[in-house]
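Text of the file entry.cif, holding mmCIF, N, CA and C atoms:
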data_start
#
loop_
_atom_site.label_atom_id
_atom_site.label_comp_id
_atom_site.auth_asym_id
_atom_site.auth_seq_id
_atom_site.Cartn_x
_atom_site.Cartn_y
_atom_site.Cartn_z
N MET A 16 7.79 -73.35 -14.09
CA MET A 16 8.60 -72.31 -13.50
C MET A 16 9.38 -72.86 -12.32
N CYS A 17 10.36 -72.10 -11.91
CA CYS A 17 11.21 -72.47 -10.77
C CYS A 17 10.42 -72.44 -9.47
N GLY A 18 11.08 -72.78 -8.40
CA GLY A 18 10.50 -72.67 -7.08
C GLY A 18 11.49 -72.00 -6.15
N ILE A 19 10.99 -71.11 -5.31
CA ILE A 19 11.86 -70.43 -4.34
C ILE A 19 11.27 -70.58 -2.95
N ASN A 20 12.14 -70.51 -1.96
CA ASN A 20 11.70 -70.56 -0.58
C ASN A 20 12.77 -69.91 0.28
N GLY A 21 12.42 -69.61 1.49
CA GLY A 21 13.39 -69.00 2.38
C GLY A 21 12.91 -69.00 3.81
N LEU A 22 13.86 -68.83 4.68
CA LEU A 22 13.59 -68.74 6.12
C LEU A 22 14.44 -67.64 6.72
N ILE A 23 13.85 -66.91 7.64
CA ILE A 23 14.59 -65.94 8.42
C ILE A 23 14.31 -66.25 9.89
N TYR A 24 15.37 -66.54 10.60
CA TYR A 24 15.26 -66.84 12.03
C TYR A 24 15.60 -65.58 12.81
N LYS A 25 14.79 -65.27 13.79
CA LYS A 25 14.98 -64.04 14.56
C LYS A 25 16.22 -64.10 15.46
N ASP A 26 16.35 -65.16 16.21
CA ASP A 26 17.37 -65.19 17.25
C ASP A 26 18.31 -66.38 17.18
N SER A 27 18.39 -67.04 16.05
CA SER A 27 19.23 -68.24 16.05
C SER A 27 19.91 -68.43 14.70
N LEU A 28 20.87 -69.30 14.69
CA LEU A 28 21.49 -69.70 13.45
C LEU A 28 20.52 -70.55 12.65
N THR A 29 20.67 -70.55 11.38
CA THR A 29 19.72 -71.25 10.52
C THR A 29 20.14 -72.70 10.30
N PRO A 30 19.25 -73.63 10.59
CA PRO A 30 19.55 -75.04 10.30
C PRO A 30 19.35 -75.33 8.81
N ILE A 31 20.43 -75.56 8.11
CA ILE A 31 20.38 -75.72 6.66
C ILE A 31 19.52 -76.91 6.23
N GLU A 32 19.33 -77.88 7.12
CA GLU A 32 18.50 -79.03 6.77
C GLU A 32 17.06 -78.61 6.46
N GLU A 33 16.60 -77.54 7.10
CA GLU A 33 15.23 -77.07 6.87
C GLU A 33 15.03 -76.62 5.42
N ILE A 34 15.97 -75.86 4.92
CA ILE A 34 15.82 -75.35 3.55
C ILE A 34 16.03 -76.47 2.54
N ALA A 35 16.90 -77.40 2.85
CA ALA A 35 17.10 -78.56 1.96
C ALA A 35 15.80 -79.37 1.87
N ARG A 36 15.11 -79.51 2.99
CA ARG A 36 13.83 -80.22 3.00
C ARG A 36 12.79 -79.45 2.18
N MET A 37 12.80 -78.14 2.30
CA MET A 37 11.86 -77.32 1.53
C MET A 37 12.15 -77.44 0.04
N ASN A 38 13.43 -77.41 -0.34
CA ASN A 38 13.78 -77.60 -1.75
C ASN A 38 13.29 -78.95 -2.25
N SER A 39 13.48 -79.98 -1.46
CA SER A 39 13.06 -81.33 -1.85
C SER A 39 11.56 -81.40 -2.08
N SER A 40 10.80 -80.65 -1.28
CA SER A 40 9.33 -80.72 -1.41
C SER A 40 8.81 -80.01 -2.66
N ILE A 41 9.63 -79.15 -3.28
CA ILE A 41 9.19 -78.45 -4.49
C ILE A 41 10.04 -78.79 -5.72
N ILE A 42 10.79 -79.87 -5.65
CA ILE A 42 11.71 -80.23 -6.74
C ILE A 42 10.97 -80.42 -8.07
N HIS A 43 9.70 -80.76 -8.02
CA HIS A 43 8.92 -80.91 -9.26
C HIS A 43 8.80 -79.59 -10.02
N ARG A 44 8.98 -78.46 -9.34
CA ARG A 44 8.91 -77.15 -10.00
C ARG A 44 10.21 -76.79 -10.71
N GLY A 45 11.30 -77.45 -10.33
CA GLY A 45 12.59 -77.12 -10.91
C GLY A 45 13.53 -78.31 -10.88
N PRO A 46 13.32 -79.25 -11.78
CA PRO A 46 14.11 -80.48 -11.73
C PRO A 46 15.53 -80.35 -12.31
N ASP A 47 15.88 -79.17 -12.86
CA ASP A 47 17.17 -79.04 -13.54
C ASP A 47 18.34 -78.74 -12.60
N ASP A 48 18.06 -78.12 -11.46
CA ASP A 48 19.13 -77.74 -10.54
C ASP A 48 18.51 -77.26 -9.24
N ASP A 49 19.31 -77.17 -8.21
CA ASP A 49 18.85 -76.57 -6.97
C ASP A 49 20.03 -75.92 -6.27
N GLY A 50 19.72 -74.97 -5.40
CA GLY A 50 20.77 -74.27 -4.68
C GLY A 50 20.27 -73.73 -3.37
N ILE A 51 21.22 -73.49 -2.46
CA ILE A 51 20.93 -72.98 -1.13
C ILE A 51 21.95 -71.90 -0.79
N LEU A 52 21.48 -70.84 -0.16
CA LEU A 52 22.35 -69.81 0.38
C LEU A 52 22.05 -69.68 1.86
N ALA A 53 23.07 -69.81 2.68
CA ALA A 53 22.94 -69.61 4.13
C ALA A 53 23.80 -68.41 4.50
N PHE A 54 23.17 -67.43 5.13
CA PHE A 54 23.90 -66.24 5.60
C PHE A 54 23.32 -65.83 6.94
N GLU A 55 24.12 -65.97 7.96
CA GLU A 55 23.71 -65.65 9.33
C GLU A 55 22.37 -66.30 9.64
N ASN A 56 21.32 -65.51 9.84
CA ASN A 56 20.02 -66.08 10.18
C ASN A 56 19.06 -66.20 8.99
N ILE A 57 19.60 -66.11 7.78
CA ILE A 57 18.77 -66.15 6.57
C ILE A 57 19.15 -67.34 5.71
N LEU A 58 18.12 -68.03 5.21
CA LEU A 58 18.32 -69.13 4.26
C LEU A 58 17.49 -68.85 3.02
N PHE A 59 18.10 -69.01 1.86
CA PHE A 59 17.39 -68.96 0.58
C PHE A 59 17.50 -70.34 -0.07
N GLY A 60 16.40 -70.80 -0.65
CA GLY A 60 16.42 -72.05 -1.41
C GLY A 60 15.84 -71.82 -2.79
N HIS A 61 16.35 -72.56 -3.77
CA HIS A 61 15.90 -72.41 -5.14
C HIS A 61 15.96 -73.74 -5.86
N VAL A 62 14.92 -74.06 -6.60
CA VAL A 62 14.94 -75.19 -7.53
C VAL A 62 14.69 -74.61 -8.91
N ARG A 63 15.45 -75.10 -9.88
CA ARG A 63 15.50 -74.43 -11.18
C ARG A 63 14.91 -75.25 -12.31
N LEU A 64 14.06 -74.59 -13.06
CA LEU A 64 13.60 -75.08 -14.35
C LEU A 64 14.26 -74.16 -15.37
N SER A 65 15.24 -74.66 -16.09
CA SER A 65 16.04 -73.82 -17.00
C SER A 65 15.21 -73.45 -18.22
N ILE A 66 15.00 -72.14 -18.40
CA ILE A 66 14.24 -71.65 -19.55
C ILE A 66 15.03 -70.59 -20.31
N GLN A 67 15.39 -69.48 -19.64
CA GLN A 67 16.09 -68.38 -20.31
C GLN A 67 17.53 -68.74 -20.67
N ASP A 68 18.27 -69.21 -19.70
CA ASP A 68 19.68 -69.56 -19.89
C ASP A 68 19.84 -71.00 -19.43
N LEU A 69 20.11 -71.90 -20.35
CA LEU A 69 20.18 -73.32 -20.03
C LEU A 69 21.50 -73.72 -19.39
N SER A 70 22.47 -72.80 -19.36
CA SER A 70 23.78 -73.12 -18.80
C SER A 70 23.77 -72.99 -17.28
N THR A 71 24.86 -73.40 -16.67
CA THR A 71 24.99 -73.27 -15.21
C THR A 71 25.17 -71.82 -14.78
N LYS A 72 25.39 -70.92 -15.72
CA LYS A 72 25.54 -69.50 -15.38
C LYS A 72 24.24 -68.89 -14.84
N GLY A 73 23.12 -69.54 -15.09
CA GLY A 73 21.84 -69.06 -14.59
C GLY A 73 21.47 -69.64 -13.24
N ARG A 74 22.40 -70.33 -12.61
CA ARG A 74 22.15 -71.00 -11.34
C ARG A 74 21.83 -69.99 -10.23
N GLN A 75 20.94 -70.41 -9.33
CA GLN A 75 20.55 -69.57 -8.20
C GLN A 75 20.65 -70.38 -6.91
N PRO A 76 20.83 -69.69 -5.80
CA PRO A 76 20.94 -68.25 -5.60
C PRO A 76 22.09 -67.67 -6.43
N MET A 77 21.88 -66.46 -6.91
CA MET A 77 22.82 -65.81 -7.82
C MET A 77 23.33 -64.51 -7.22
N SER A 78 24.61 -64.26 -7.47
CA SER A 78 25.21 -62.98 -7.12
C SER A 78 26.13 -62.56 -8.26
N VAL A 79 26.26 -61.25 -8.46
CA VAL A 79 27.20 -60.76 -9.45
C VAL A 79 28.38 -60.06 -8.79
N ASP A 80 28.27 -59.84 -7.47
CA ASP A 80 29.32 -59.11 -6.78
C ASP A 80 29.61 -59.61 -5.36
N GLY A 81 28.87 -60.62 -4.90
CA GLY A 81 29.06 -61.12 -3.55
C GLY A 81 28.31 -60.32 -2.50
N LYS A 82 27.84 -59.12 -2.83
CA LYS A 82 27.08 -58.30 -1.90
C LYS A 82 25.59 -58.61 -1.99
N TYR A 83 25.05 -58.53 -3.20
CA TYR A 83 23.63 -58.79 -3.42
C TYR A 83 23.44 -60.22 -3.93
N TRP A 84 22.45 -60.91 -3.37
CA TRP A 84 22.10 -62.27 -3.76
C TRP A 84 20.61 -62.31 -4.05
N ILE A 85 20.22 -63.14 -5.04
CA ILE A 85 18.82 -63.20 -5.44
C ILE A 85 18.38 -64.64 -5.66
N ILE A 86 17.11 -64.89 -5.34
CA ILE A 86 16.40 -66.08 -5.81
C ILE A 86 15.16 -65.53 -6.51
N CYS A 87 14.80 -66.14 -7.62
CA CYS A 87 13.73 -65.59 -8.45
C CYS A 87 12.92 -66.70 -9.08
N ASN A 88 11.63 -66.46 -9.18
CA ASN A 88 10.72 -67.31 -9.92
C ASN A 88 9.92 -66.40 -10.83
N GLY A 89 9.77 -66.78 -12.07
CA GLY A 89 8.97 -65.99 -12.99
C GLY A 89 9.76 -65.60 -14.21
N GLU A 90 9.30 -64.53 -14.83
CA GLU A 90 9.95 -64.07 -16.06
C GLU A 90 9.75 -62.57 -16.22
N ILE A 91 10.82 -61.89 -16.59
CA ILE A 91 10.78 -60.48 -16.94
C ILE A 91 10.78 -60.42 -18.46
N TYR A 92 9.65 -60.06 -19.05
CA TYR A 92 9.51 -60.11 -20.51
C TYR A 92 10.41 -59.11 -21.22
N ASN A 93 10.65 -57.97 -20.61
CA ASN A 93 11.44 -56.92 -21.24
C ASN A 93 12.88 -56.87 -20.73
N PHE A 94 13.40 -58.00 -20.25
CA PHE A 94 14.74 -57.99 -19.66
C PHE A 94 15.82 -57.64 -20.67
N LYS A 95 15.61 -57.94 -21.95
CA LYS A 95 16.65 -57.62 -22.95
C LYS A 95 16.79 -56.10 -23.12
N ASP A 96 15.69 -55.39 -23.08
CA ASP A 96 15.75 -53.92 -23.17
C ASP A 96 16.45 -53.33 -21.95
N ILE A 97 16.12 -53.83 -20.77
CA ILE A 97 16.74 -53.34 -19.53
C ILE A 97 18.23 -53.69 -19.54
N ARG A 98 18.55 -54.86 -20.05
CA ARG A 98 19.95 -55.28 -20.14
C ARG A 98 20.75 -54.33 -21.05
N LEU A 99 20.17 -53.92 -22.17
CA LEU A 99 20.83 -52.96 -23.06
C LEU A 99 21.08 -51.64 -22.35
N ASP A 100 20.09 -51.18 -21.61
CA ASP A 100 20.22 -49.93 -20.85
C ASP A 100 21.35 -50.05 -19.83
N LEU A 101 21.39 -51.16 -19.10
CA LEU A 101 22.43 -51.36 -18.10
C LEU A 101 23.81 -51.53 -18.74
N SER A 102 23.86 -52.20 -19.88
CA SER A 102 25.14 -52.36 -20.59
C SER A 102 25.70 -51.01 -21.00
N SER A 103 24.82 -50.09 -21.42
CA SER A 103 25.28 -48.75 -21.81
C SER A 103 25.82 -47.98 -20.60
N LYS A 104 25.47 -48.41 -19.40
CA LYS A 104 25.97 -47.79 -18.17
C LYS A 104 27.23 -48.49 -17.65
N GLY A 105 27.71 -49.50 -18.40
CA GLY A 105 28.94 -50.17 -18.03
C GLY A 105 28.79 -51.51 -17.35
N TYR A 106 27.58 -51.99 -17.16
CA TYR A 106 27.38 -53.28 -16.52
C TYR A 106 27.79 -54.40 -17.47
N LYS A 107 28.42 -55.41 -16.93
CA LYS A 107 28.82 -56.61 -17.68
C LYS A 107 27.89 -57.74 -17.28
N PHE A 108 27.56 -58.58 -18.23
CA PHE A 108 26.68 -59.71 -17.98
C PHE A 108 27.41 -61.00 -18.31
N TYR A 109 27.17 -62.01 -17.47
CA TYR A 109 27.86 -63.29 -17.60
C TYR A 109 26.91 -64.42 -17.95
N SER A 110 25.63 -64.12 -17.96
CA SER A 110 24.64 -65.14 -18.32
C SER A 110 23.65 -64.51 -19.28
N ASP A 111 22.72 -65.32 -19.74
CA ASP A 111 21.63 -64.82 -20.57
C ASP A 111 20.32 -64.84 -19.80
N SER A 112 20.40 -64.79 -18.48
CA SER A 112 19.20 -64.91 -17.66
C SER A 112 18.61 -63.56 -17.29
N ASP A 113 17.30 -63.54 -17.15
CA ASP A 113 16.65 -62.32 -16.69
C ASP A 113 16.93 -62.06 -15.21
N THR A 114 17.30 -63.11 -14.47
CA THR A 114 17.63 -62.94 -13.05
C THR A 114 18.84 -62.04 -12.86
N GLU A 115 19.85 -62.21 -13.69
CA GLU A 115 21.03 -61.36 -13.59
C GLU A 115 20.68 -59.91 -13.91
N VAL A 116 19.74 -59.71 -14.83
CA VAL A 116 19.29 -58.36 -15.16
C VAL A 116 18.57 -57.74 -13.97
N ILE A 117 17.73 -58.51 -13.29
CA ILE A 117 17.03 -58.00 -12.10
C ILE A 117 18.06 -57.53 -11.06
N LEU A 118 19.05 -58.36 -10.84
CA LEU A 118 20.05 -58.05 -9.82
C LEU A 118 20.85 -56.79 -10.15
N ASN A 119 21.26 -56.65 -11.40
CA ASN A 119 22.01 -55.45 -11.79
C ASN A 119 21.11 -54.21 -11.82
N ALA A 120 19.86 -54.40 -12.20
CA ALA A 120 18.92 -53.27 -12.17
C ALA A 120 18.73 -52.80 -10.72
N TYR A 121 18.66 -53.73 -9.80
CA TYR A 121 18.53 -53.39 -8.39
C TYR A 121 19.77 -52.63 -7.91
N LYS A 122 20.95 -53.05 -8.36
CA LYS A 122 22.18 -52.34 -8.00
C LYS A 122 22.15 -50.91 -8.53
N GLU A 123 21.63 -50.72 -9.72
CA GLU A 123 21.63 -49.40 -10.36
C GLU A 123 20.53 -48.48 -9.80
N TRP A 124 19.31 -48.99 -9.68
CA TRP A 124 18.17 -48.13 -9.37
C TRP A 124 17.47 -48.47 -8.03
N GLY A 125 17.95 -49.46 -7.33
CA GLY A 125 17.28 -49.85 -6.09
C GLY A 125 15.87 -50.35 -6.36
N VAL A 126 14.96 -50.11 -5.42
CA VAL A 126 13.59 -50.60 -5.58
C VAL A 126 12.85 -49.93 -6.73
N GLU A 127 13.34 -48.79 -7.18
CA GLU A 127 12.74 -48.13 -8.36
C GLU A 127 12.86 -49.01 -9.60
N SER A 128 13.83 -49.92 -9.61
CA SER A 128 14.00 -50.82 -10.76
C SER A 128 12.78 -51.69 -10.97
N PHE A 129 12.04 -51.98 -9.91
CA PHE A 129 10.88 -52.87 -10.03
C PHE A 129 9.82 -52.29 -10.95
N LYS A 130 9.76 -50.97 -11.03
CA LYS A 130 8.79 -50.31 -11.90
C LYS A 130 9.12 -50.51 -13.38
N LYS A 131 10.35 -50.88 -13.68
CA LYS A 131 10.78 -51.07 -15.06
C LYS A 131 10.44 -52.45 -15.60
N PHE A 132 10.15 -53.40 -14.71
CA PHE A 132 9.96 -54.79 -15.12
C PHE A 132 8.55 -55.03 -15.63
N ASN A 133 8.47 -55.72 -16.76
CA ASN A 133 7.20 -56.16 -17.32
C ASN A 133 7.23 -57.68 -17.30
N GLY A 134 6.32 -58.28 -16.57
CA GLY A 134 6.29 -59.74 -16.51
C GLY A 134 5.55 -60.24 -15.29
N MET A 135 5.86 -61.47 -14.94
CA MET A 135 5.31 -62.10 -13.74
C MET A 135 6.49 -62.62 -12.95
N TRP A 136 6.58 -62.25 -11.69
CA TRP A 136 7.75 -62.67 -10.92
C TRP A 136 7.50 -62.60 -9.43
N CYS A 137 8.36 -63.27 -8.76
CA CYS A 137 8.47 -63.22 -7.31
C CYS A 137 9.94 -63.43 -7.00
N PHE A 138 10.54 -62.58 -6.19
CA PHE A 138 11.95 -62.76 -5.88
C PHE A 138 12.28 -62.20 -4.51
N ALA A 139 13.40 -62.65 -4.01
CA ALA A 139 13.95 -62.13 -2.76
C ALA A 139 15.40 -61.75 -3.03
N ILE A 140 15.79 -60.60 -2.53
CA ILE A 140 17.16 -60.11 -2.68
C ILE A 140 17.74 -59.91 -1.29
N LEU A 141 18.95 -60.39 -1.10
CA LEU A 141 19.68 -60.23 0.16
C LEU A 141 20.85 -59.29 -0.07
N ASP A 142 20.95 -58.29 0.79
CA ASP A 142 22.10 -57.39 0.81
C ASP A 142 22.97 -57.84 1.98
N LYS A 143 24.08 -58.50 1.70
CA LYS A 143 24.93 -59.04 2.77
C LYS A 143 25.60 -57.94 3.59
N GLU A 144 25.92 -56.82 2.97
CA GLU A 144 26.58 -55.74 3.72
C GLU A 144 25.64 -55.09 4.72
N LYS A 145 24.41 -54.81 4.28
CA LYS A 145 23.43 -54.18 5.17
C LYS A 145 22.69 -55.21 6.01
N LYS A 146 22.92 -56.49 5.70
CA LYS A 146 22.25 -57.59 6.42
C LYS A 146 20.75 -57.40 6.38
N ARG A 147 20.24 -57.21 5.15
CA ARG A 147 18.81 -56.96 4.97
C ARG A 147 18.32 -57.73 3.75
N SER A 148 17.13 -58.28 3.85
CA SER A 148 16.54 -58.94 2.68
C SER A 148 15.27 -58.21 2.29
N SER A 149 14.99 -58.23 1.00
CA SER A 149 13.78 -57.63 0.45
C SER A 149 13.05 -58.69 -0.33
N PHE A 150 11.75 -58.69 -0.22
CA PHE A 150 10.93 -59.67 -0.91
C PHE A 150 9.90 -58.92 -1.72
N LEU A 151 9.71 -59.34 -2.95
CA LEU A 151 8.71 -58.68 -3.79
C LEU A 151 7.96 -59.71 -4.58
N GLU A 152 6.66 -59.56 -4.61
CA GLU A 152 5.83 -60.42 -5.43
C GLU A 152 4.93 -59.55 -6.27
N ILE A 153 4.93 -59.78 -7.54
CA ILE A 153 4.09 -59.04 -8.46
C ILE A 153 3.35 -60.04 -9.33
N ASP A 154 2.07 -59.86 -9.49
CA ASP A 154 1.30 -60.70 -10.38
C ASP A 154 0.74 -59.82 -11.48
N MET A 155 1.32 -59.93 -12.65
CA MET A 155 0.90 -59.10 -13.77
C MET A 155 -0.05 -59.85 -14.71
N GLY A 156 -0.38 -61.09 -14.37
CA GLY A 156 -1.17 -61.89 -15.30
C GLY A 156 -2.53 -62.22 -14.86
#

Reformat the file's structure so that it appears as C-alpha coordinates.
Amino acid sequence: MCGINGLIYKDSLTPIEEIARMNSSIIHRGPDDDGILAFENILFGHVRLSIQDLSTKGRQPMSVDGKYWIICNGEIYNFKDIRLDLSSKGYKFYSDSDTEVILNAYKEWGVESFKKFNGMWCFAILDKEKKRSSFLEIDMG
(Lines of atoms letter the chains of each structure in order from A and count residues from 1; the text may use other names and numbers.)
(Lines give C-alpha, C1' and ligand atoms only; values in the text may rest on other atoms or scores of the structure.)
Protein backbone atom coordinates (compact mmCIF):
# COMPACT_ATOMS: atom_id res chain seq x y z
CA MET A 1 0.00 0.00 0.00
CA CYS A 2 0.93 3.65 -0.35
CA GLY A 3 2.34 5.81 2.39
CA ILE A 4 1.05 9.18 3.56
CA ASN A 5 2.38 11.77 5.94
CA GLY A 6 1.79 15.36 6.83
CA LEU A 7 2.74 18.26 9.02
CA ILE A 8 0.79 21.21 10.33
CA TYR A 9 2.78 24.06 11.81
CA LYS A 10 0.95 26.32 14.22
CA ASP A 11 2.81 29.58 13.78
CA SER A 12 5.25 29.25 10.92
CA LEU A 13 5.70 28.52 7.28
CA THR A 14 6.30 24.90 6.47
CA PRO A 15 9.83 23.80 5.57
CA ILE A 16 9.27 21.55 2.56
CA GLU A 17 12.51 19.67 3.27
CA GLU A 18 10.81 18.04 6.27
CA ILE A 19 8.09 16.40 4.21
CA ALA A 20 10.57 15.37 1.51
CA ARG A 21 12.60 13.63 4.22
CA MET A 22 9.45 11.92 5.50
CA ASN A 23 8.59 10.73 1.99
CA SER A 24 12.12 9.36 1.59
CA SER A 25 11.82 7.39 4.82
CA ILE A 26 8.68 5.56 3.59
CA ILE A 27 9.56 5.18 -0.11
CA HIS A 28 9.49 1.39 0.30
CA ARG A 29 5.69 1.67 0.75
CA GLY A 30 5.24 3.42 -2.58
CA PRO A 31 8.10 3.08 -5.03
CA ASP A 32 6.04 4.08 -8.11
CA ASP A 33 5.70 7.82 -7.46
CA ASP A 34 5.75 10.48 -4.79
CA GLY A 35 4.24 13.90 -4.30
CA ILE A 36 4.15 16.86 -1.95
CA LEU A 37 1.58 19.58 -1.36
CA ALA A 38 2.57 22.73 0.53
CA PHE A 39 -0.17 25.16 1.49
CA GLU A 40 0.47 27.88 4.05
CA ASN A 41 1.29 25.99 7.26
CA ILE A 42 0.24 22.54 5.99
CA LEU A 43 2.33 19.91 4.22
CA PHE A 44 1.03 16.68 2.72
CA GLY A 45 3.34 13.93 1.51
CA HIS A 46 2.51 10.80 -0.45
CA VAL A 47 4.41 7.83 -1.85
CA ARG A 48 2.50 5.72 -4.31
CA LEU A 49 2.17 2.03 -4.96
CA SER A 50 0.04 1.98 -8.12
CA ILE A 51 -2.77 -0.56 -7.80
CA GLN A 52 -6.18 0.82 -8.89
CA ASP A 53 -5.06 3.20 -11.63
CA LEU A 54 -1.57 2.60 -12.98
CA SER A 55 -1.50 5.88 -14.92
CA THR A 56 -0.25 9.24 -13.67
CA LYS A 57 -3.90 10.31 -13.30
CA GLY A 58 -3.92 8.56 -9.91
CA ARG A 59 -1.05 10.70 -8.63
CA GLN A 60 -1.33 12.24 -5.16
CA PRO A 61 -1.76 14.67 -3.57
CA MET A 62 -4.85 14.83 -5.77
CA SER A 63 -7.40 17.52 -6.47
CA VAL A 64 -10.32 17.62 -8.88
CA ASP A 65 -11.11 21.30 -8.46
CA GLY A 66 -8.15 23.03 -6.77
CA LYS A 67 -10.22 23.56 -3.60
CA TYR A 68 -10.11 20.09 -2.04
CA TRP A 69 -6.87 18.09 -1.91
CA ILE A 70 -6.41 14.52 -0.67
CA ILE A 71 -3.72 12.03 0.26
CA CYS A 72 -4.92 8.49 0.78
CA ASN A 73 -3.65 5.08 1.75
CA GLY A 74 -5.83 2.00 1.53
CA GLU A 75 -8.66 0.84 -0.63
CA ILE A 76 -12.38 1.53 -0.94
CA TYR A 77 -13.82 -1.80 -2.07
CA ASN A 78 -17.15 -0.37 -3.22
CA PHE A 79 -15.75 2.70 -5.01
CA LYS A 80 -17.23 1.64 -8.38
CA ASP A 81 -20.77 1.71 -6.96
CA ILE A 82 -20.19 5.12 -5.35
CA ARG A 83 -18.67 6.35 -8.61
CA LEU A 84 -21.83 5.31 -10.50
CA ASP A 85 -23.97 7.18 -7.98
CA LEU A 86 -21.81 10.31 -8.32
CA SER A 87 -21.77 10.05 -12.12
CA SER A 88 -25.58 10.05 -12.11
CA LYS A 89 -25.35 13.35 -10.19
CA GLY A 90 -23.16 14.87 -12.92
CA TYR A 91 -19.67 14.25 -11.55
CA LYS A 92 -16.95 13.63 -14.13
CA PHE A 93 -14.03 11.33 -13.43
CA TYR A 94 -10.57 11.58 -14.94
CA SER A 95 -8.93 8.55 -13.38
CA ASP A 96 -9.84 5.02 -12.40
CA SER A 97 -8.73 5.53 -8.80
CA ASP A 98 -10.77 5.14 -5.67
CA THR A 99 -9.05 8.28 -4.34
CA GLU A 100 -10.85 10.46 -6.87
CA VAL A 101 -14.13 8.84 -5.80
CA ILE A 102 -13.40 9.67 -2.14
CA LEU A 103 -12.73 13.29 -3.05
CA ASN A 104 -15.90 13.70 -5.12
CA ALA A 105 -17.97 11.89 -2.49
CA TYR A 106 -16.63 14.36 0.08
CA LYS A 107 -17.64 17.25 -2.20
CA GLU A 108 -21.15 15.82 -2.52
CA TRP A 109 -21.90 14.57 1.00
CA GLY A 110 -19.19 15.98 3.26
CA VAL A 111 -18.18 13.78 6.19
CA GLU A 112 -21.38 11.76 5.72
CA SER A 113 -19.65 10.25 2.67
CA PHE A 114 -17.36 8.29 4.99
CA LYS A 115 -20.31 6.13 6.04
CA LYS A 116 -20.68 4.97 2.42
CA PHE A 117 -17.15 3.57 2.13
CA ASN A 118 -16.46 -0.13 2.55
CA GLY A 119 -12.77 -0.92 2.89
CA MET A 120 -9.61 -0.07 4.75
CA TRP A 121 -8.26 3.43 4.49
CA CYS A 122 -6.61 6.40 6.03
CA PHE A 123 -6.71 9.81 4.37
CA ALA A 124 -6.38 13.52 4.91
CA ILE A 125 -8.38 16.12 3.00
CA LEU A 126 -7.45 19.79 2.79
CA ASP A 127 -10.02 22.47 2.03
CA LYS A 128 -7.94 25.37 0.69
CA GLU A 129 -10.81 27.87 0.80
CA LYS A 130 -11.71 27.21 4.44
CA LYS A 131 -8.04 26.59 5.28
CA ARG A 132 -8.97 23.43 7.16
CA SER A 133 -7.75 19.86 7.01
CA SER A 134 -9.60 16.73 8.06
CA PHE A 135 -8.00 13.43 8.90
CA LEU A 136 -9.78 10.11 9.06
CA GLU A 137 -8.55 6.66 9.83
CA ILE A 138 -10.77 3.63 9.62
CA ASP A 139 -9.70 0.05 10.17
CA MET A 140 -12.30 -2.31 8.78
CA GLY A 141 -10.07 -5.39 8.76

Of the residues A:Asp96, A:Lys146, A:Asn119, A:Leu101, which is the one nearest to A:Asn133, using only C-alpha atoms?
A:Asp96

For A:Leu64, the nearest of the candidates A:Asp26, A:Met16, A:Leu99, A:Glu90, counting only N, CA and C atoms:
A:Met16

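For the choices A:Pro30, A:Gly18, A:Gly50, A:Gly45, the atom-to-atom distance to A:Cys87 is smallest for A:Gly18 when using only C-alpha atoms.
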
Which one of A:Ser102, A:Ser78, A:Ser112, A:Asn38 sits closest to A:His61 if you count only N, CA and C atoms?
A:Asn38

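Here the PyMOL selection byres ((chain A and resi 88) around 5) captures the residues Ile86, Cys87, Gly89, Glu90, Trp136, Cys137 and Phe138 of chain A.
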
Export, as a PDB file, keeping the file's coordinate frame, the selected residues with N, CA and C atoms.
ATOM      1  N   ILE A  86      17.110 -64.890  -5.340  1.00  0.00           N
ATOM      2  CA  ILE A  86      16.400 -66.080  -5.810  1.00  0.00           C
ATOM      3  C   ILE A  86      15.160 -65.530  -6.510  1.00  0.00           C
ATOM      4  N   CYS A  87      14.800 -66.140  -7.620  1.00  0.00           N
ATOM      5  CA  CYS A  87      13.730 -65.590  -8.450  1.00  0.00           C
ATOM      6  C   CYS A  87      12.920 -66.700  -9.080  1.00  0.00           C
ATOM      7  N   GLY A  89       9.770 -66.780 -12.070  1.00  0.00           N
ATOM      8  CA  GLY A  89       8.970 -65.990 -12.990  1.00  0.00           C
ATOM      9  C   GLY A  89       9.760 -65.600 -14.210  1.00  0.00           C
ATOM     10  N   GLU A  90       9.300 -64.530 -14.830  1.00  0.00           N
ATOM     11  CA  GLU A  90       9.950 -64.070 -16.060  1.00  0.00           C
ATOM     12  C   GLU A  90       9.750 -62.570 -16.220  1.00  0.00           C
ATOM     13  N   TRP A 136       6.580 -62.250 -11.690  1.00  0.00           N
ATOM     14  CA  TRP A 136       7.750 -62.670 -10.920  1.00  0.00           C
ATOM     15  C   TRP A 136       7.500 -62.600  -9.430  1.00  0.00           C
ATOM     16  N   CYS A 137       8.360 -63.270  -8.760  1.00  0.00           N
ATOM     17  CA  CYS A 137       8.470 -63.220  -7.310  1.00  0.00           C
ATOM     18  C   CYS A 137       9.940 -63.430  -7.000  1.00  0.00           C
ATOM     19  N   PHE A 138      10.540 -62.580  -6.190  1.00  0.00           N
ATOM     20  CA  PHE A 138      11.950 -62.760  -5.880  1.00  0.00           C
ATOM     21  C   PHE A 138      12.280 -62.200  -4.510  1.00  0.00           C
TER      22      PHE A 138
END
